[in-house]
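Here's the structure we're looking at; comments come further down.
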Amino acid sequence: MADQAVVEKMSEMQVDEKKKGGTQGGKDGGKKKPKNAAGQSAGRAELTTAPEYIDERLSLYTKLKAEHDALMAERAAKDSRAIKVTLPDGKVVDAESWKTTPYQVACGISQGLADNTVIAKVNNGVWDLDRPLEEDCSLQLLKFDDEEAQAVSQLHPLADSLLICFFLL
């Protein structure tokens, strides 16, 4: 059923024939481009207008992102306090709740560590590097050579694919 809706939307789209390829001008001096077995031009086709649902989904994303940013700013202003972040070697780093991120802690240790860190574990839970710390915690910075970091890295393409499907289809 969703496939039918996509097919209908695609059939409604306009194609710019100059960009599609064929016998109309272009950098090839108007030479005819080769056709494939189905008799279609081997050039690329480009949409001149985006489907309506793209604008709807982008506006939904923009709205949700603004709400999230406002909530994070409110928490940072209202609930921010000094916290202690304990590293695996026992070193304790001072930070601020709702403002300091694992990436910022990594940068405080060394830029090389920050650049090579893929994901963090906060109180033994997986944590994005740009998500602010909320309370006193233990922090472990995982590089790509760590098995847990590799498992998370393998999930990112799947999550990205799902997001693309949601926003584009």
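Convention: chains lettered A, B, ... in structure tokens order; per-chain residue numbering from 1; ligands numbered from 1 as shown.
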Alpha helix (DSSP H) per DSSP on the backbone: members of region 36-166 of chain A, as a VMD selection string: chain A and resid 52 to 79 102 to 109 111 to 116 147 to 166
Residue nearest Ala120 (chain A) - candidates A:Leu141, A:Val105, A:Ala50, A:Leu87, atoms counted: only C-alpha atoms: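 Once distances to Ala120 (chain A) are computed over only C-alpha atoms, the minimum belongs to A:Leu141.
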Spatial neighbours of Val122 (chain A), max dist 9 Å, only C-alpha atoms, sep filter under 5 positions, as a list in words: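 With the cut-off at 9 Å, the set is Pro102, Trp127, Leu133, Cys137, Ser138, Leu139, Gln140 and Leu141 of chain A.
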Shell around Lys99 (chain A) at 12 Å using only C-alpha atoms, local window under 6 positions removed, as a list in words: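 The residues that qualify are Met72, Ala73, Glu74, Arg75, Ala76, Ala77, Lys78, Asp79, Ser80, Arg81, Ala82, Ile83, Val105, Asp130, Arg131, Pro132, Leu133, Glu134 and Glu135 of chain A.
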Write a file of the selected residues as a compact mmCIF listing (two decimals), in the first residue's frame, keeping C-alpha atoms.
```
# COMPACT_ATOMS: atom_id res chain seq x y z
CA MET A 72 17.41 21.32 27.01
CA ALA A 73 17.99 25.07 27.44
CA GLU A 74 15.35 25.19 30.19
CA ARG A 75 16.92 22.26 32.01
CA ALA A 76 20.38 23.76 31.67
CA ALA A 77 19.14 27.05 33.10
CA LYS A 78 16.97 25.59 35.86
CA ASP A 79 18.60 22.30 36.88
CA SER A 80 22.29 22.90 36.18
CA ARG A 81 24.62 22.20 39.08
CA ALA A 82 28.19 21.06 39.69
CA ILE A 83 28.69 17.32 39.25
CA VAL A 105 35.23 15.73 28.96
CA ASP A 130 26.87 15.16 22.48
CA ARG A 131 24.20 14.34 25.07
CA PRO A 132 24.68 16.39 28.25
CA LEU A 133 25.47 14.60 31.50
CA GLU A 134 22.66 14.81 34.03
CA GLU A 135 24.17 13.87 37.39
```
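Closest approach to Val118 (chain A) from the set A:Ala106, A:Ala66, A:Leu58, A:Ala95 is made by A:Ala106, with distances taken over only C-alpha atoms.
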Long-range neighbours of Ile109 (chain A) as a VMD selection string, 12 Å cut-off, only C-alpha atoms, 5 positions minimum in chain: chain A and resid 87 91 to 93 102 to 104 114 to 115 117 141
Option closest in space to Asp136 (chain A), from A:Lys63, A:Lys121, A:Lys84, A:Arg57 [counting only C-alpha atoms]: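 Among the listed residues, the smallest separation from Asp136 (chain A) belongs to A:Lys84.
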CA of Asp89 (chain A) to CA of Val126 (chain A), distance in Å rounded to a single decimal: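 Computed distance, CA of Asp89 (chain A) to CA of Val126 (chain A), equals 18.8 Å.
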